[in-house]
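Here the structure is laid out as structure tokens; the discussion comes afterwards.
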Amino acid sequence: MPVFIPSSLAEATQLLSTNLDAHLLTGGTDMMVEVNFNHRHPETVIALRKVPEFQQWNIDSNARVVHIGSSVPYATMEHGELAKALPALAEAARTVGSPQIRAAGSLGGNLGTCSPAGDSLPVLSALDAIVHLQSEKATRSLSFAEFMVGPKRNSRQPDEIITGVTIPLTNGWQGYAKVGVRNAMVISVASVCLAIHDGKVRVALGSVGPTIIRCSESEAWINSVGLENVDHAIAQEFGAKVRAESRPIDDHRSTAEYRRHAVGVLAARLLLRGVQK
Amino acid sequence: MSESEHYTLTVNGVERKVSDAWIGESLLYVLRERLGLPGSKGACEQGECGSCTVFVDNAAVCSCLVMAATAVGTQIATVEGLNEDGSLTDVQEAFVTEGAVQCGFCTPGLVMAVHHLLDHNDSPNEQEIKEALSGNICRCTGYGRIFAAVDTVISVRKGISS
Amino acid sequence: MTITKTQRDILGSSALRPDGISKVQGDYEFSSDLHAENMLWGATLRSPHPYARIVSIDVSAAWKIAGVECVITADDVPGQLTYGLISEDQPVFANDVVRYMGEPIAAVAADHPETCRRALAAIHVVYEVLAPLTNPEHAIDESHEPIHPDGNIIRRQRIVHGDMHATAPIVVEGTYDIGMQDQAFLGTESALAIPDHDGAGIEVFVATQWLHEDRKQMAKCLGMPEEKVRLVLGGVGGAFGAREDISLQVHTALLAMRTSRPVKMQYGREESFFGHVHRHPAQIWMRHHANTDGRIVKIEARFVFDGGAYSSTSSAVLINGVTHTQGPYQCPNAIVDGYAVRTNNPPCGAMRGFGVVQACFAHEGQMDKLAAATGIDEVEIRLRNIIHTGDTMITGQILESVAPLERCIRETAAMPLPAEMGLQPHELDLPGGSGRTADRRNIVRGIGWGVSMKNLMYSEGFDDYSTARCTLTNGSVELKFATSEVGQGFVTLAPQIARSVLGVDEVTYDTIDTQIGSAGSTSASRQTWMSGGAVDGACRMVRERLFEHVGSLHGIEPLRLAIDDTDIIDTIGTLRISVQEASANFTVSETFEYHHRQTEDLDENGQGNCHVAFAFVAHRAVVDVDVELGLVKVVQIATAQDVGRVLNPMSVTGQIEGGIAQGLGLAVMEEIIVTNGIVRNPSFTDYLLPTALDAPQVLISMIEEPDPQAPMGAKGVGEAPCISVTPAIVAAIRNATGKSIDRCPVRPQDICF
Ligand SMILES: Cc1cc2nc3c(=O)[nH]c(=O)nc-3n(C[C@H](O)[C@H](O)[C@H](O)COP(=O)(O)OP(=O)(O)OC[C@H]3O[C@@H](n4cnc5c(N)ncnc54)[C@H](O)[C@@H]3O)c2cc1C
Ligand code: FES
Ligand code: FES
């Protein structure tokens with residue numbers, strides 16, 4: 001049987017350990033495009049949609065973390081409790097493709113693909129999320145930076161399945177903004193997630209480098225300035241620093257110059273939104 | 001084909017056997033080419049047009065992105081199943097009477113998307129309607145008559161005669 | 001539910017589409033839905049290079065794959081090796097040289113699409129890659145070797161009119177670039193070919209704009225007499241010009257003839273981008289000379305249309321472009337030079353607006369420059385210059401069409417502007433939409449204008465006609481025509497015509513195929529006029545025969561009879577008899593061929609009565625722009641369009657709204673990006689089409705001044721909506737930003753840097 005639909009985590013990891021060339025499938029919104037366009041020829045597929053652990057999410061207000069299973073669709077993150085807990089993730093989720101894509105697409109798949117344009121990824125980065133991996137024998141938990149190592153490259157081992165992510169809650173503002181040339185259903189040209197926790201700013205950029213870029217220098221600078229001092233001029237300067245940390249390229253979607261410009265503008269605007277100015 | 005696969009799908013409430021399929025086949029392909037249900041259309045096969053919209057376990061998804069062999073055990077609903085006695089649903093009727101159909105290629109997918117929207121929200125505002133339909137490309141109409149059709153259904157369902 | 005009707009579906013009513021119910025139910029058979037017993041799938045191998053010599057093609061491995069039934073290359077083409085709409089310069093399969101990325105090289109037939117893919121992968125082609133010609137100027141300056149035996153210049157046309165030395169105090173000039181747009185119909189190319197049992201003929205179901213022209217080209221390449229090639233229209237999922245050239249027709253038929261089995265071919269989206277021609281990218285320079293009162297004295301212009309590798313309709317697109325240099329304005333003197341050139345870029349040809357879209361983008365940019373230079377308002381400067389019936393155009397042709405241009409402009413201007421943006425706008429109403437890029441304070445609003453004039457039907461002496469048959473039996477009518485229904489609604493209109501002319505209610509139409517004379521192409525805004533004229537003519541002939549019949553039965557001179565609603569009446573007597581009753585046990589069938597008036601070629605100075613008729617339209621666009629990020633939201637389009645007469649208000653509305661969306665696409669998002677002959681975005685992921693969230697509010701006024709030249713007074717309405725809306729939107733962006741933007745689509749970087 002080349003298609004497996006395991007109904008438990010144990011079964012899934014066991015199947016993978018004996019079928020290391022199997023393709024893991026969650027929503028299929030990345031993988032089926034590759035299959036339809038002849039870029040991927042799966043011989044064996046493990047469909048993860050029935051694994052209960054992957055479909056669950058919960059908000060642990062004591063530990064101040066949110067856990068989201070790898071199969072939870074974006075549609076679930078857009079509204080309701082999850083959206084209230086993680087507004088930046090909700091905003092990012094809402095920009096993914098169309099309602100049909102958001103009904104199927106998942107964090108597991110976004111992480112599995114690990115495109116620098118993946119919309120959940122700057123959020124996971126800025127929120128210091130932990131990515132959980134499990135094989136038949138072991139579990140690993142990696143920081144986002146450890147997990148994503150390059151464009152479409154991550155540190156998942158062939159026998160590991162992404163089970164979910166743990167995202168710490170922030171006690172300050174968080175938000176996401178993404179530039180595309182259409183008002184909906186568009187792959188990111190440049191995106192920024194900005195979050196404030198304990199009065200400190202964190203900022204991560206999408207589509208402007210080989211991986212998601214965490215802007216540590218800009219963060220250090222703005223945190224030394226202090227959020228209470230942010231005004232338009234400071235925001236502009238912050239934008240300029242973020243711009244300097246981006247490493248975009250030219251491609252058919254946009255130019256490096258525009259992308260650099262755009263993340264600067266977005267970072268400044270998000271900062272002002274964050275301090276409500 | 002070397003890799004073959006036998007499985008059963010539940011489409012519009014009916015169990016349908018699929019045999020000798022290649023595992024890479026999308027649900028769209030299987031519906032159209034193997035199960036004789038060509039109502040769902042394919043215009044991009046990459047989730048960008050919505051012409052292939054079906055419901056899988058009540059979620060509106062692009063059937064071109066569902067690997068058919070993994071949809072075993074789900075409830076699949078297609079445009080053919082909307083009204084099996086051949087009459088029109090209110091959404092279908094409004095599409096006809098409001099001029100929301102030109103070439104009609106996008107239409108089955110849009111009809112599904114509109115049903116999905118209105119079955120979950122009986123009074124969507126303009127932005128909600130547009131966002132709900134933003135995954136369904138129509139190249140002919142510019143969407144104006146489609147919005148008119150949605151408005152008509154909303155009013156009719158609320159008992160406001162149009 | 002069932003649909004109940006209250007009024008008769010005659011001309012002027014919003015009759016519903018006869019195919020609407022089957023389309024909403026998913027029952028309607030598009031060409032891609034067709035199936036035949038024992039059918040094979042076909043697929044095409046295409047060149048990855050824009051320009052290369054083919055050193056060798058080895059198909060042997062493909063033949064060996066289980067399930068593969070046939071592999072064909074140029075060597076297997078039995079008839080003429082090339083085809084084309086105007087000049088037959090395009091190979092069915094490349095044999096010595098490939099001239100564009102995506103050019104067909106071979107085709108296979110197999111039992112499953114996946115087997116086809118594997119077979120294509122097994123074909124081994126050795127290329128010697130050559131340096132492509134991708135800059136159209138290098139075709140003109142002859143700095144690149146000819147890439148085709150017919151040379152690198154497809155056509156050059158000059159227009160010299162009036163006083164070449166005329167000058168005026170105000171001079172404005174600009175160079176405008178228009179990107180390559182794709183028709184992006186939703187139903188990709190598809191066909192099903194079924195060979196006759198005796199192997200002598202073939203029936204092909206295909207989605208096309210012009211059955212008879214396809215048949216002509218196919219028969220030549222197949223080496224078969226035309227009558228052995230029968231074409232039937234498969235359901236068409238949109239066209240917009242992209243189905244005017246043939247694509248997979250010959251390949252599918254050839255595979256079917258070779259295998260003696262039905263063969264179905266269907267392009268995926270990516271292949272569709274390579275499988276049909278696109279809108280010509282163009283660079284247009286214009287210099288307008290005007291008096292201080294804003295009146296145009298002279299226009300100088302140079303057009304370069306990039307035709308890509310094969311000529312398709314490039315020469316006709318060029319003529320449309322140069323002859324519309326002046327736009328809908330008077331212009332006593334003009335010097336225009338235009339080229340359509342061959343390059344190793346994707347072939348370009350027909351798309352809605354056909355050359356006039358490009359010209360209009362330039363002339364409307366110029367009108368705004370003229371407004372700025374003279375200090376006259378954008379609306380006023382246009383009104384001062386508008387062309388009227390009886391004026392001489394720069395081709396020397398006198399404008400004979402009804403030209404209610406002033407009404408178009410004034411009625412558009414009178415439409416309400418959208419409300420100011422509130423302080424807390426919905427995030428989806430801001431530029432950037434769901435990306436939440438903008439805040440209220442980042443947004444600037446702009447307003448812009450575009451006005452245009454578009455020729456209707458074919459030009460330059462083409463004897464264009466359409467054929468229709470009307471059969472009346474026992475009070476019901478059956479129509480027959482070969483008019484391609486591509487979504488525009490001819491199948492709605494034709495029965496409306498019959499009902500109006502004959503006073504019947506029950507009207508059906510027969511299969512649309514080549515079993516009747518040609519209807520010409522569903523393009524050039526021509527089918528309402530041409531095929532509408534043919535149906536009207538056939539119905540009138542039947543009516544005459546019916547009146548003769550009734551007249552002889554009742555001893556009344558047929559000339560006294562007329563149709564009143566569903567009755568025949570004696571206009572000067574008392575007889576009143578229902579058509580139903582009058583035609584009981586009476587059958588009459590008439591065929592009518594409608595020809596429009598003759599046109600003529602342009603001479604070397606671009607002078608001649610080359611166009612049949614014109615329609616006019618005005619657009620006003622309101623946009624919100626995030627200037628810093630360069631993102632745009634089109635808020636509202638107001639338009640008043642000269643339609644002659646409204647035959648079906650709902651259909652006309654649909655054409656206008658749909659055309660506006662396409663023009664919006666060209667203004668702000670749609671472009672096939674080609675670098676060094678390589679197409680970078682052949683997918684709906686990266687070739688962006690407007691979504692529901694990009695659709696603006698549209699305000700429409702239909703200007704009805706019936707044109708006596710038109711069979712029912714109605715002008716074609718298909719193209720006008722998408723022409724001046726693009727420059728109107730771009731003008732609105734200029735107005736919001738203060739930047740001079742001379743290209744479309746406008747990219748974020750064009751605004752923010
Ligand atoms: C029309 C369209 C629009 C899109 N727009 C966007 C967009 O705007 N933003 C965006 O970010 N993305 C977009 N995408 C891409 C895609 O929807 C997302 O990346 C989505 O998150 C993928 O999730 P999935 O569950 O569908 O993944 P799948 O396709 O099921 O899997 C994707 C990859 O991850 C692997 N994988 C899946 N689950 C696991 C797991 N649990 N453990 C390990 N590996 C796994 C798979 O093997 C595969 O390689 C779009 C896609 C389409 C078709
Ligand atoms: S065919 Fe599935 S979204 Fe286009
Ligand atoms: S009606 Fe043709 S694509 Fe929508």
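Please note that chains go A, B, ... in the order of the structure tokens, that every chain numbers its residues from 1, and that ligands are numbered from 1 in the order shown.
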Hey, which bits of chain A sit within 6 Å of ligand 1, and for each residue what's the closest pair of atoms and how far apart in Å (one decimal), counting only C-alpha atoms and all ligand atoms, rows by chain and increasing number, as CSV?
```
residue,atom,partner,partner_atom_place_in_ligand_line,distance
A:His23,CA,ligand 1,47 (O),5.0
A:Leu24,CA,ligand 1,47 (O),3.9
A:Leu25,CA,ligand 1,30 (O),4.0
A:Thr26,CA,ligand 1,30 (O),3.4
A:Gly27,CA,ligand 1,26 (O),3.3
A:Gly28,CA,ligand 1,29 (O),3.3
A:Thr29,CA,ligand 1,26 (O),3.5
A:Asp30,CA,ligand 1,29 (O),3.5
A:Met31,CA,ligand 1,29 (O),3.7
A:Ser70,CA,ligand 1,41 (N),5.3
A:Thr95,CA,ligand 1,8 (O),5.5
A:Val96,CA,ligand 1,8 (O),3.3
A:Gly97,CA,ligand 1,5 (N),3.5
A:Ile101,CA,ligand 1,17 (O),5.7
A:Ala104,CA,ligand 1,26 (O),5.7
A:Gly105,CA,ligand 1,26 (O),3.6
A:Ser106,CA,ligand 1,25 (O),4.0
A:Leu107,CA,ligand 1,21 (O),5.2
A:Gly108,CA,ligand 1,38 (N),4.4
A:Gly109,CA,ligand 1,27 (O),3.2
A:Asn110,CA,ligand 1,21 (O),3.5
A:Gly112,CA,ligand 1,34 (O),3.3
A:Thr113,CA,ligand 1,33 (C),4.4
A:Ala117,CA,ligand 1,11 (O),5.9
A:Gly118,CA,ligand 1,11 (O),3.2
A:Asp119,CA,ligand 1,11 (O),3.8
A:Ile161,CA,ligand 1,42 (N),3.9
A:Ile162,CA,ligand 1,42 (N),3.6
A:Thr163,CA,ligand 1,41 (N),5.6
A:Val186,CA,ligand 1,8 (O),5.4
A:Ile187,CA,ligand 1,8 (O),4.5
```
- Expected answer as an MDAnalysis selection string: residues within 10 Å of ligand 3, only C-alpha atoms and all ligand atoms: (chainID B and resid 43 49 51 99:110 136:143 146) or (chainID C and resid 23 184:187 236:239 486:488 654 658)
Taking only residues of chain A that have an atom at most 10 Å from an atom of ligand 2, what is each one's shortest atom pair and its distance in Å to one decimal, using only C-alpha atoms and all ligand atoms, in chain and number order, as JSON lines?
```
{"residue": "A:Val33", "atom": "CA", "partner": "ligand 2", "partner_atom_place_in_ligand_line": "2 (Fe)", "distance": 9.6}
{"residue": "A:Ser98", "atom": "CA", "partner": "ligand 2", "partner_atom_place_in_ligand_line": "3 (S)", "distance": 9.7}
{"residue": "A:Gln100", "atom": "CA", "partner": "ligand 2", "partner_atom_place_in_ligand_line": "3 (S)", "distance": 8.5}
{"residue": "A:Ile101", "atom": "CA", "partner": "ligand 2", "partner_atom_place_in_ligand_line": "3 (S)", "distance": 9.0}
```
Can I get the selected residues back with all heavy atoms, as a compact mmCIF listing (two decimals), in the first residue's frame?
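This went into out.txt:
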```
# COMPACT_ATOMS: atom_id res chain seq x y z
N VAL A 33 0.79 20.75 -5.34
CA VAL A 33 1.22 21.61 -6.45
C VAL A 33 2.44 20.99 -7.11
O VAL A 33 2.54 20.88 -8.33
CB VAL A 33 1.52 23.04 -5.96
CG1 VAL A 33 2.09 23.89 -7.08
CG2 VAL A 33 0.27 23.69 -5.38
N SER A 98 -6.03 31.65 -0.09
CA SER A 98 -7.45 31.97 -0.11
C SER A 98 -8.14 31.19 0.99
O SER A 98 -7.52 30.36 1.65
CB SER A 98 -8.00 31.54 -1.46
OG SER A 98 -7.87 30.12 -1.58
N GLN A 100 -9.97 28.68 0.72
CA GLN A 100 -9.81 27.25 0.45
C GLN A 100 -8.44 26.76 0.90
O GLN A 100 -8.30 25.63 1.39
CB GLN A 100 -9.96 26.97 -1.06
CG GLN A 100 -11.40 27.08 -1.58
CD GLN A 100 -11.74 28.46 -2.08
OE1 GLN A 100 -11.25 29.47 -1.57
NE2 GLN A 100 -12.59 28.53 -3.08
N ILE A 101 -7.41 27.57 0.70
CA ILE A 101 -6.06 27.18 1.11
C ILE A 101 -5.98 27.17 2.63
O ILE A 101 -5.38 26.29 3.23
CB ILE A 101 -5.01 28.15 0.52
CG1 ILE A 101 -5.08 28.17 -1.01
CG2 ILE A 101 -3.60 27.80 1.00
CD1 ILE A 101 -4.86 26.86 -1.69
```
- Task: Counting only C-alpha atoms, figure out which residue out of B:Tyr29, B:Asn125, B:Ser134, B:Arg34 gets nearest to B:Lys17.
- Result: B:Arg34
- Quick one: residues within 9 Å of stretch 94-105 of chain C, only C-alpha atoms counted, chain neighbours fewer than 5 positions away excluded, as number ranges by chain? C: 44-57, 72-75, 125, 127, 132, 147-148, 271, 273-275, 308-310, 343-347, 677-679
- Tell me which protein, DNA and RNA residues are within 8 Å of C:Cys610, counting only C-alpha atoms, leaving out same-chain ones fewer than 3 positions away, and put them as a VMD selection string. chain C and resid 397 459 to 461 599 to 602
Would you write out those residues with all heavy atoms, as a JSON list (two decimals), in the first residue's frame?
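Saved as out_11.json:
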```
[["chain", "number", "residue", "atom", "x", "y", "z"],
["C", 397, "GLN", "N", -9.85, 58.71, -43.61],
["C", 397, "GLN", "CA", -11.20, 58.16, -43.55],
["C", 397, "GLN", "C", -12.11, 59.13, -42.80],
["C", 397, "GLN", "O", -11.70, 59.73, -41.80],
["C", 397, "GLN", "CB", -11.18, 56.80, -42.84],
["C", 397, "GLN", "CG", -12.55, 56.14, -42.76],
["C", 397, "GLN", "CD", -12.49, 54.68, -42.29],
["C", 397, "GLN", "OE1", -11.43, 54.16, -41.96],
["C", 397, "GLN", "NE2", -13.64, 54.02, -42.28],
["C", 459, "SER", "N", -10.63, 44.90, -40.48],
["C", 459, "SER", "CA", -10.32, 46.09, -41.26],
["C", 459, "SER", "C", -9.59, 45.73, -42.55],
["C", 459, "SER", "O", -9.42, 44.56, -42.88],
["C", 459, "SER", "CB", -9.46, 47.02, -40.40],
["C", 459, "SER", "OG", -10.13, 47.28, -39.18],
["C", 460, "GLU", "N", -9.17, 46.76, -43.22],
["C", 460, "GLU", "CA", -8.28, 46.63, -44.39],
["C", 460, "GLU", "C", -8.79, 45.69, -45.47],
["C", 460, "GLU", "O", -8.09, 44.78, -45.91],
["C", 460, "GLU", "CB", -6.91, 46.13, -43.94],
["C", 460, "GLU", "CG", -6.13, 47.16, -43.15],
["C", 460, "GLU", "CD", -4.69, 46.70, -43.02],
["C", 460, "GLU", "OE1", -4.42, 45.81, -42.20],
["C", 460, "GLU", "OE2", -3.85, 47.23, -43.76],
["C", 461, "GLY", "N", -10.02, 45.90, -45.88],
["C", 461, "GLY", "CA", -10.51, 45.19, -47.06],
["C", 461, "GLY", "C", -10.91, 43.75, -46.85],
["C", 461, "GLY", "O", -11.27, 43.06, -47.79],
["C", 599, "THR", "N", -14.22, 47.67, -46.83],
["C", 599, "THR", "CA", -13.19, 48.61, -46.42],
["C", 599, "THR", "C", -12.03, 48.46, -47.40],
["C", 599, "THR", "O", -12.09, 47.64, -48.32],
["C", 599, "THR", "CB", -12.70, 48.32, -45.00],
["C", 599, "THR", "OG1", -12.22, 46.97, -44.95],
["C", 599, "THR", "CG2", -13.82, 48.51, -43.99],
["C", 600, "GLU", "N", -10.99, 49.25, -47.21],
["C", 600, "GLU", "CA", -9.85, 49.15, -48.14],
["C", 600, "GLU", "C", -8.53, 49.16, -47.39],
["C", 600, "GLU", "O", -8.46, 49.54, -46.22],
["C", 600, "GLU", "CB", -9.92, 50.28, -49.18],
["C", 600, "GLU", "CG", -10.08, 51.66, -48.55],
["C", 600, "GLU", "CD", -10.40, 52.75, -49.57],
["C", 600, "GLU", "OE1", -11.30, 52.56, -50.40],
["C", 600, "GLU", "OE2", -9.73, 53.80, -49.52],
["C", 601, "ASP", "N", -7.51, 48.76, -48.11],
["C", 601, "ASP", "CA", -6.16, 48.76, -47.53],
["C", 601, "ASP", "C", -5.69, 50.18, -47.29],
["C", 601, "ASP", "O", -6.14, 51.12, -47.94],
["C", 601, "ASP", "CB", -5.18, 48.09, -48.50],
["C", 601, "ASP", "CG", -5.29, 46.59, -48.43],
["C", 601, "ASP", "OD1", -5.78, 46.07, -47.41],
["C", 601, "ASP", "OD2", -4.90, 45.93, -49.41],
["C", 602, "LEU", "N", -4.72, 50.30, -46.42],
["C", 602, "LEU", "CA", -4.04, 51.58, -46.26],
["C", 602, "LEU", "C", -2.97, 51.67, -47.34],
["C", 602, "LEU", "O", -2.34, 50.67, -47.70],
["C", 602, "LEU", "CB", -3.36, 51.64, -44.90],
["C", 602, "LEU", "CG", -4.28, 51.70, -43.68],
["C", 602, "LEU", "CD1", -3.45, 51.73, -42.41],
["C", 602, "LEU", "CD2", -5.20, 52.92, -43.74]]
```
- Minimum-distance residue to chain A, chosen among C:Gly644, C:Gly435, C:Gly234, C:Pro649 (using only C-alpha atoms): C:Gly435
Within 10 Å of A:Asp21, counting only C-alpha atoms, which residues qualify if same-chain residues fewer than 6 places away don't, as a PDB file with N, CA, C and O atoms, in the first residue's frame?
```
ATOM      1  N   PRO A  42       5.696  11.044  -5.783  1.00  0.00           N
ATOM      2  CA  PRO A  42       5.643  10.226  -4.572  1.00  0.00           C
ATOM      3  C   PRO A  42       5.339   8.763  -4.893  1.00  0.00           C
ATOM      4  O   PRO A  42       4.481   8.465  -5.720  1.00  0.00           O
ATOM      5  N   GLU A  43       6.079   7.878  -4.273  1.00  0.00           N
ATOM      6  CA  GLU A  43       5.778   6.444  -4.383  1.00  0.00           C
ATOM      7  C   GLU A  43       5.037   6.006  -3.129  1.00  0.00           C
ATOM      8  O   GLU A  43       4.205   5.127  -3.179  1.00  0.00           O
ATOM      9  N   THR A  44       5.386   6.651  -2.018  1.00  0.00           N
ATOM     10  CA  THR A  44       4.738   6.318  -0.755  1.00  0.00           C
ATOM     11  C   THR A  44       4.361   7.628  -0.052  1.00  0.00           C
ATOM     12  O   THR A  44       5.160   8.557  -0.010  1.00  0.00           O
ATOM     13  N   VAL A  45       3.162   7.635   0.487  1.00  0.00           N
ATOM     14  CA  VAL A  45       2.682   8.848   1.146  1.00  0.00           C
ATOM     15  C   VAL A  45       2.137   8.481   2.520  1.00  0.00           C
ATOM     16  O   VAL A  45       1.446   7.471   2.668  1.00  0.00           O
ATOM     17  N   PRO A 158      15.184  12.634   8.427  1.00  0.00           N
ATOM     18  CA  PRO A 158      14.243  11.887   7.575  1.00  0.00           C
ATOM     19  C   PRO A 158      13.216  11.070   8.364  1.00  0.00           C
ATOM     20  O   PRO A 158      12.129  10.825   7.871  1.00  0.00           O
ATOM     21  N   ASP A 159      13.564  10.670   9.576  1.00  0.00           N
ATOM     22  CA  ASP A 159      12.600   9.847  10.322  1.00  0.00           C
ATOM     23  C   ASP A 159      11.736  10.676  11.279  1.00  0.00           C
ATOM     24  O   ASP A 159      10.992  10.127  12.083  1.00  0.00           O
TER      25      ASP A 159
END
```
